[in-house]
file my_file.cif (mmCIF, C-alpha atoms)
data_data
#
loop_
_atom_site.group_PDB
_atom_site.id
_atom_site.type_symbol
_atom_site.label_atom_id
_atom_site.label_comp_id
_atom_site.auth_asym_id
_atom_site.auth_seq_id
_atom_site.Cartn_x
_atom_site.Cartn_y
_atom_site.Cartn_z
ATOM 1 C CA MET A 125 0.740 -8.956 -16.581
ATOM 2 C CA ILE A 126 1.791 -10.714 -13.376
ATOM 3 C CA LYS A 127 2.353 -14.440 -13.851
ATOM 4 C CA ASP A 128 -0.044 -17.063 -12.544
ATOM 5 C CA THR A 129 0.379 -17.934 -8.896
ATOM 6 C CA PRO A 130 1.206 -21.643 -8.387
ATOM 7 C CA LYS A 131 -1.191 -23.888 -6.496
ATOM 8 C CA GLN A 132 -1.192 -23.978 -2.701
ATOM 9 C CA GLU A 133 0.483 -20.603 -2.295
ATOM 10 C CA THR A 134 -0.628 -18.557 0.657
ATOM 11 C CA VAL A 135 -1.638 -14.924 0.419
ATOM 12 C CA SER A 136 1.683 -14.059 2.066
ATOM 13 C CA ASP A 137 3.590 -15.938 -0.641
ATOM 14 C CA GLY A 138 1.581 -14.103 -3.275
ATOM 15 C CA ILE A 139 2.303 -10.737 -1.660
ATOM 16 C CA ALA A 140 6.046 -11.444 -1.499
ATOM 17 C CA LYS A 141 6.057 -12.579 -5.110
ATOM 18 C CA TYR A 142 4.066 -9.605 -6.346
ATOM 19 C CA LEU A 143 6.226 -7.070 -4.507
ATOM 20 C CA SER A 144 9.385 -8.553 -6.009
ATOM 21 C CA GLU A 145 7.893 -8.601 -9.515
ATOM 22 C CA VAL A 146 7.041 -4.897 -9.334
ATOM 23 C CA GLY A 147 10.621 -4.100 -8.378
ATOM 24 C CA VAL A 148 10.655 -3.961 -4.577
ATOM 25 C CA ARG A 149 14.079 -5.016 -3.330
ATOM 26 C CA VAL A 150 14.129 -3.769 0.252
ATOM 27 C CA MET A 151 11.551 -3.578 3.047
ATOM 28 C CA PHE A 152 11.877 -1.980 6.471
ATOM 29 C CA GLY A 153 9.963 -2.930 9.586
ATOM 30 C CA VAL A 154 9.557 -4.550 12.963
ATOM 31 C CA ILE A 155 9.021 -8.300 13.338
ATOM 32 C CA SER A 156 5.824 -9.273 15.137
ATOM 33 C CA ILE A 157 3.603 -12.308 15.559
ATOM 34 C CA HIS A 158 0.977 -10.634 13.361
ATOM 35 C CA ASN A 159 3.257 -10.069 10.354
ATOM 36 C CA MET A 160 5.351 -13.240 10.542
ATOM 37 C CA PRO A 161 3.520 -14.985 7.659
ATOM 38 C CA ILE A 162 4.521 -12.211 5.242
ATOM 39 C CA LEU A 163 8.076 -11.998 6.570
ATOM 40 C CA ASP A 164 8.453 -15.782 6.390
ATOM 41 C CA ALA A 165 7.309 -15.674 2.762
ATOM 42 C CA ILE A 166 9.834 -12.930 1.976
ATOM 43 C CA ALA A 167 12.573 -15.014 3.594
ATOM 44 C CA ARG A 168 11.602 -18.102 1.576
ATOM 45 C CA GLN A 169 11.617 -16.086 -1.627
ATOM 46 C CA ASN A 170 15.029 -14.571 -0.841
ATOM 47 C CA ILE A 171 14.707 -11.658 -3.274
ATOM 48 C CA ILE A 172 13.582 -8.753 -1.061
ATOM 49 C CA ARG A 173 15.991 -7.694 1.657
ATOM 50 C CA PHE A 174 14.254 -7.154 4.982
ATOM 51 C CA VAL A 175 15.850 -4.508 7.214
ATOM 52 C CA PRO A 176 14.670 -4.895 10.829
ATOM 53 C CA THR A 177 14.421 -1.735 12.904
ATOM 54 C CA ARG A 178 14.136 -1.037 16.628
ATOM 55 C CA GLY A 179 10.854 0.815 16.260
ATOM 56 C CA GLU A 180 8.053 1.491 13.826
ATOM 57 C CA ALA A 181 8.775 5.219 13.570
ATOM 58 C CA GLY A 182 12.302 4.467 12.411
ATOM 59 C CA ALA A 183 11.025 1.919 9.903
ATOM 60 C CA ILE A 184 8.742 4.485 8.271
ATOM 61 C CA ASN A 185 11.546 7.071 8.280
ATOM 62 C CA MET A 186 13.877 4.607 6.545
ATOM 63 C CA ALA A 187 11.280 3.684 3.922
ATOM 64 C CA ASP A 188 10.559 7.382 3.409
ATOM 65 C CA ALA A 189 14.250 8.235 2.991
ATOM 66 C CA TYR A 190 14.757 5.281 0.642
ATOM 67 C CA SER A 191 11.898 6.504 -1.532
ATOM 68 C CA ARG A 192 13.143 10.087 -1.648
ATOM 69 C CA VAL A 193 16.727 9.124 -2.506
ATOM 70 C CA SER A 194 16.027 6.312 -4.967
ATOM 71 C CA GLY A 195 12.788 7.545 -6.499
ATOM 72 C CA ASN A 196 11.360 4.062 -5.984
ATOM 73 C CA LEU A 197 8.511 2.871 -3.811
ATOM 74 C CA GLY A 198 9.476 2.690 -0.138
ATOM 75 C CA VAL A 199 7.917 -0.248 1.722
ATOM 76 C CA CYS A 200 7.454 -0.631 5.460
ATOM 77 C CA ILE A 201 5.748 -3.394 7.444
ATOM 78 C CA THR A 202 4.463 -3.082 11.007
ATOM 79 C CA SER A 203 2.199 -4.991 13.327
ATOM 80 C CA THR A 204 -1.297 -4.105 14.429
ATOM 81 C CA GLY A 205 -2.416 -1.979 17.374
ATOM 82 C CA THR A 206 0.155 0.121 19.178
ATOM 83 C CA ALA A 207 2.802 -0.834 16.631
ATOM 84 C CA ALA A 208 0.837 0.770 13.814
ATOM 85 C CA GLY A 209 0.242 3.799 16.030
ATOM 86 C CA ASN A 210 3.967 4.148 16.680
ATOM 87 C CA ALA A 211 4.438 4.823 12.970
ATOM 88 C CA ALA A 212 1.974 7.721 12.883
ATOM 89 C CA GLY A 213 4.344 10.645 13.398
ATOM 90 C CA SER A 214 6.802 9.485 10.762
ATOM 91 C CA GLN A 215 4.049 8.669 8.308
ATOM 92 C CA LEU A 216 2.593 12.141 8.761
ATOM 93 C CA GLU A 217 5.985 13.536 7.732
ATOM 94 C CA ALA A 218 5.924 11.282 4.646
ATOM 95 C CA LEU A 219 2.415 12.521 3.862
ATOM 96 C CA THR A 220 3.593 16.143 4.025
ATOM 97 C CA ALA A 221 6.493 15.294 1.695
ATOM 98 C CA GLU A 222 4.245 13.320 -0.711
ATOM 99 C CA SER A 223 6.602 10.348 -0.465
ATOM 100 C CA ARG A 224 5.912 7.237 -2.534
ATOM 101 C CA LEU A 225 5.473 4.863 0.365
ATOM 102 C CA LEU A 226 3.514 1.685 1.111
ATOM 103 C CA HIS A 227 2.835 0.949 4.790
ATOM 104 C CA ILE A 228 1.757 -2.672 5.176
ATOM 105 C CA THR A 229 0.253 -3.118 8.599
ATOM 106 C CA THR A 230 -1.566 -6.091 9.987
ATOM 107 C CA GLN A 231 -4.742 -6.857 11.864
ATOM 108 C CA ILE A 232 -6.109 -9.452 14.229
ATOM 109 C CA ASP A 233 -8.203 -12.338 12.875
ATOM 110 C CA THR A 234 -11.197 -11.084 10.934
ATOM 111 C CA LYS A 235 -13.669 -12.846 13.248
ATOM 112 C CA PHE A 236 -12.482 -10.646 16.130
ATOM 113 C CA LEU A 237 -12.536 -7.334 14.268
ATOM 114 C CA ASP A 238 -14.847 -4.675 15.713
ATOM 115 C CA GLY A 239 -15.964 -7.061 18.413
ATOM 116 C CA ASN A 240 -14.356 -5.484 21.487
ATOM 117 C CA SER A 241 -12.979 -8.937 22.267
ATOM 118 C CA SER A 242 -9.707 -7.625 23.755
ATOM 119 C CA ALA A 243 -7.696 -9.818 21.380
ATOM 120 C CA ILE A 244 -3.939 -9.375 21.684
ATOM 121 C CA HIS A 245 -2.739 -6.188 19.944
ATOM 122 C CA SER A 246 -6.331 -5.201 19.207
ATOM 123 C CA VAL A 247 -7.127 -1.490 19.408
ATOM 124 C CA PRO A 248 -10.305 0.390 18.492
ATOM 125 C CA ASN A 249 -10.552 2.584 15.407
ATOM 126 C CA GLN A 250 -7.231 1.577 13.865
ATOM 127 C CA PRO A 251 -8.535 2.192 10.306
ATOM 128 C CA ASP A 252 -9.604 5.728 11.239
ATOM 129 C CA MET A 253 -6.145 6.444 12.616
ATOM 130 C CA LEU A 254 -4.468 5.147 9.461
ATOM 131 C CA LYS A 255 -6.790 7.118 7.198
ATOM 132 C CA SER A 256 -5.874 10.345 8.999
ATOM 133 C CA ILE A 257 -2.149 9.928 8.220
ATOM 134 C CA SER A 258 -2.389 8.385 4.751
ATOM 135 C CA LYS A 259 -3.063 9.520 1.229
ATOM 136 C CA ALA A 260 -5.299 6.446 0.958
ATOM 137 C CA TYR A 261 -6.264 3.392 2.988
ATOM 138 C CA PHE A 262 -6.888 -0.164 1.774
ATOM 139 C CA PHE A 263 -8.031 -3.327 3.538
ATOM 140 C CA ILE A 264 -7.644 -6.898 2.279
ATOM 141 C CA ASN A 265 -10.795 -8.723 3.320
ATOM 142 C CA SER A 266 -10.342 -12.008 1.471
ATOM 143 C CA PRO A 267 -7.613 -14.064 -0.248
ATOM 144 C CA LYS A 268 -9.460 -13.668 -3.535
ATOM 145 C CA THR A 269 -8.925 -9.906 -3.659
ATOM 146 C CA ALA A 270 -5.506 -9.781 -1.965
ATOM 147 C CA ILE A 271 -3.234 -9.195 -4.958
ATOM 148 C CA GLU A 272 -5.659 -6.846 -6.692
ATOM 149 C CA THR A 273 -5.954 -4.746 -3.527
ATOM 150 C CA LEU A 274 -2.169 -4.689 -3.124
ATOM 151 C CA SER A 275 -1.806 -3.521 -6.725
ATOM 152 C CA ASN A 276 -4.374 -0.763 -6.211
ATOM 153 C CA ALA A 277 -2.587 0.384 -3.049
ATOM 154 C CA ILE A 278 0.737 0.662 -4.857
ATOM 155 C CA SER A 279 -0.886 2.502 -7.773
ATOM 156 C CA SER A 280 -2.343 5.018 -5.339
ATOM 157 C CA ALA A 281 1.005 5.571 -3.611
ATOM 158 C CA ILE A 282 2.843 6.339 -6.862
ATOM 159 C CA SER A 283 0.109 8.353 -8.582
ATOM 160 C CA PRO A 284 0.468 12.135 -8.388
ATOM 161 C CA PRO A 285 0.095 13.670 -5.969
ATOM 162 C CA SER A 286 1.954 10.734 -4.464
ATOM 163 C CA GLY A 287 1.876 9.897 -0.785
ATOM 164 C CA PRO A 288 2.002 7.149 1.833
ATOM 165 C CA VAL A 289 -0.703 4.510 1.549
ATOM 166 C CA SER A 290 -1.727 2.176 4.371
ATOM 167 C CA LEU A 291 -2.690 -1.422 3.650
ATOM 168 C CA GLU A 292 -4.217 -3.568 6.409
ATOM 169 C CA ILE A 293 -4.047 -7.377 6.240
ATOM 170 C CA PRO A 294 -5.568 -9.573 8.998
ATOM 171 C CA ILE A 295 -3.355 -12.486 9.991
ATOM 172 C CA ASP A 296 -5.882 -15.128 8.977
ATOM 173 C CA ILE A 297 -6.000 -13.621 5.486
ATOM 174 C CA GLN A 298 -2.193 -13.733 5.318
ATOM 175 C CA LEU A 299 -2.376 -17.480 5.961
ATOM 176 C CA GLY A 300 -5.236 -18.045 3.513
ATOM 177 C CA GLN A 301 -4.783 -19.920 0.258
ATOM 178 C CA LEU A 302 -4.701 -18.089 -3.036
ATOM 179 C CA GLU A 303 -7.024 -19.379 -5.712
ATOM 180 C CA ARG A 304 -5.577 -20.317 -9.066
ATOM 181 C CA PRO A 305 -5.157 -18.684 -11.469
ATOM 182 C CA VAL A 306 -4.297 -15.370 -9.842
ATOM 183 C CA GLN A 307 -3.463 -12.589 -12.260
ATOM 184 C CA SER A 308 -3.130 -8.887 -11.705
ATOM 185 C CA GLU A 309 -1.914 -5.987 -13.782
ATOM 186 C CA MET A 310 1.277 -4.197 -12.879
ATOM 187 C CA PRO A 311 0.521 -1.107 -10.767
ATOM 188 C CA LYS A 312 0.436 2.062 -12.826
ATOM 189 C CA ALA A 313 0.490 5.697 -11.823
ATOM 190 C CA LYS A 314 -2.614 7.565 -12.908
ATOM 191 C CA GLU A 315 -2.020 10.123 -15.631
ATOM 192 C CA ILE A 316 -2.214 13.803 -14.797
ATOM 193 C CA PRO A 317 -3.745 16.370 -17.183
ATOM 194 C CA SER A 318 -1.419 17.876 -19.777
ATOM 195 C CA ILE A 319 -0.397 21.539 -19.708
ATOM 196 C CA GLU A 320 -2.572 22.114 -22.781
ATOM 197 C CA ALA A 321 -5.610 20.655 -21.037
ATOM 198 C CA LEU A 322 -5.062 22.806 -17.963
ATOM 199 C CA GLU A 323 -4.662 25.930 -20.097
ATOM 200 C CA TRP A 324 -7.949 25.097 -21.837
ATOM 201 C CA LEU A 325 -9.734 24.955 -18.487
ATOM 202 C CA HIS A 326 -8.458 28.421 -17.605
ATOM 203 C CA ARG A 327 -9.880 30.090 -20.716
ATOM 204 C CA PRO A 328 -12.608 32.722 -20.143
ATOM 205 C CA MET A 329 -16.123 31.278 -20.038
ATOM 206 C CA GLY A 330 -17.251 33.527 -22.898
ATOM 207 C CA GLU A 331 -14.503 32.216 -25.158
ATOM 208 C CA LEU A 332 -15.428 28.622 -24.369
ATOM 209 C CA GLN A 333 -19.105 29.301 -25.068
ATOM 210 C CA SER A 334 -18.307 30.875 -28.448
ATOM 211 C CA MET A 335 -16.245 27.844 -29.417
ATOM 212 C CA LYS A 336 -19.300 25.642 -29.062
ATOM 213 C CA THR A 337 -20.976 27.493 -31.932
ATOM 214 C CA ILE A 338 -18.085 26.976 -34.342
ATOM 215 C CA LYS A 339 -19.071 24.668 -37.165
ATOM 216 C CA HIS A 340 -16.554 22.040 -38.129
ATOM 217 C CA PRO A 341 -16.297 20.614 -41.652
#

call {"tool": "encode", "arguments": {"input": "my_file.cif", "output": "structure tokens"}}
result
Amino acid sequence: MIKDTPKQETVSDGIAKYLSEVGVRVMFGVISIHNMPILDAIARQNIIRFVPTRGEAGAINMADAYSRVSGNLGVCITSTGTAAGNAAGSQLEALTAESRLLHITTQIDTKFLDGNSSAIHSVPNQPDMLKSISKAYFFINSPKTAIETLSNAISSAISPPSGPVSLEIPIDIQLGQLERPVQSEMPKAKEIPSIEALEWLHRPMGELQSMKTIKHP
């Protein structure tokens, strides 16, 4: 069980804390105005090493390579809009390789979402783009569900068949206050069926039907 989050912590502080408690020690990405709250929280915590890259494609490639070599979760952070799009090609490669990867990308303020307001870095249909290159897609829509959603995203990335998972976080949610107490289970990979169970499923239908009639003491 993750420890209680202290009072007055922001969502970004909670995210940094949770990532470190589940074993993340390195994160790759590109610094942007829309992900600064999370990166500032990581810097304050001083546990996770942030490796800045020149582009989003390289950041995903580095997180992908880190995951493949170490066997651990690779984590990448990008900004919203074109920045998230720049990561698409590399993330598609990670999807093909079933890499255990978490792509944290950001979004504009929630009040401007889907409003065609031409907010800075705003692009249409970003979630649809991310869904097309991800094993799964998650969106944090309130501070209350932030850590639970993060945990679910990580669980999806590491559960077989593993693959890159995209997690969107609007900047106003990053700056929101976490409610106390905040508790969340450690992310767990979902269990896959045993060999015995799979062999059972492949038995002839007639044999399975006859087994139903067997009387047990």

call {"tool": "closest_residue", "arguments": {"input": "my_file.cif", "among": "A:Pro251, A:Val150, A:Leu197, A:Ala260", "to": "A:Pro311", "atoms": "only C-alpha atoms"}}
result
A:Leu197

call {"tool": "resolve_selection", "arguments": {"input": "my_file.cif", "expression": "the PyMOL selection byres ((chain A and resi 275-284) around 6)", "output": "JSON, numbers by chain"}}
result
{"A": [224, 272, 273, 274, 285, 286, 287, 288, 289, 311, 312, 313, 314]}

call {"tool": "resolve_selection", "arguments": {"input": "my_file.cif", "expression": "the PyMOL selection byres ((chain A and resi 290-298) around 7)", "output": "list in words"}}
result
Thr134, Val135, Ser136, His158, Pro161, Ile162, Leu226, His227, Ile228, Thr229, Thr230, Gln231, Ile232, Asp233, Thr234, Leu254, Ser258, Ala260, Tyr261, Phe262, Phe263, Ile264, Ser266, Pro267, Ala277, Pro288, Val289, Leu299 and Gly300 of chain A

call {"tool": "resolve_selection", "arguments": {"input": "my_file.cif", "expression": "the PyMOL selection byres ((chain A and resi 200) around 6)", "output": "ChimeraX atom specification"}}
result
/A:151-153,184,187,199,201,227

call {"tool": "residues_around", "arguments": {"input": "my_file.cif", "residues": "A:Ile166", "least_positions_apart": "6", "cutoff": "9 Å", "atoms": "all atoms listed in the file", "output": "tab-separated table (two decimals) with C-alpha atoms, keeping the file's coordinate frame"}}
result
chain	number	residue	atom	x	y	z
A	136	SER	CA	1.68	-14.06	2.07
A	137	ASP	CA	3.59	-15.94	-0.64
A	139	ILE	CA	2.30	-10.74	-1.66
A	140	ALA	CA	6.05	-11.44	-1.50
A	141	LYS	CA	6.06	-12.58	-5.11
A	172	ILE	CA	13.58	-8.75	-1.06
A	173	ARG	CA	15.99	-7.69	1.66
A	174	PHE	CA	14.25	-7.15	4.98

call {"tool": "closest_residue", "arguments": {"input": "my_file.cif", "among": "A:Gly198, A:Gly182, A:Gly205, A:Gly213", "to": "A:Gln250", "atoms": "all atoms listed in the file"}}
result
A:Gly205
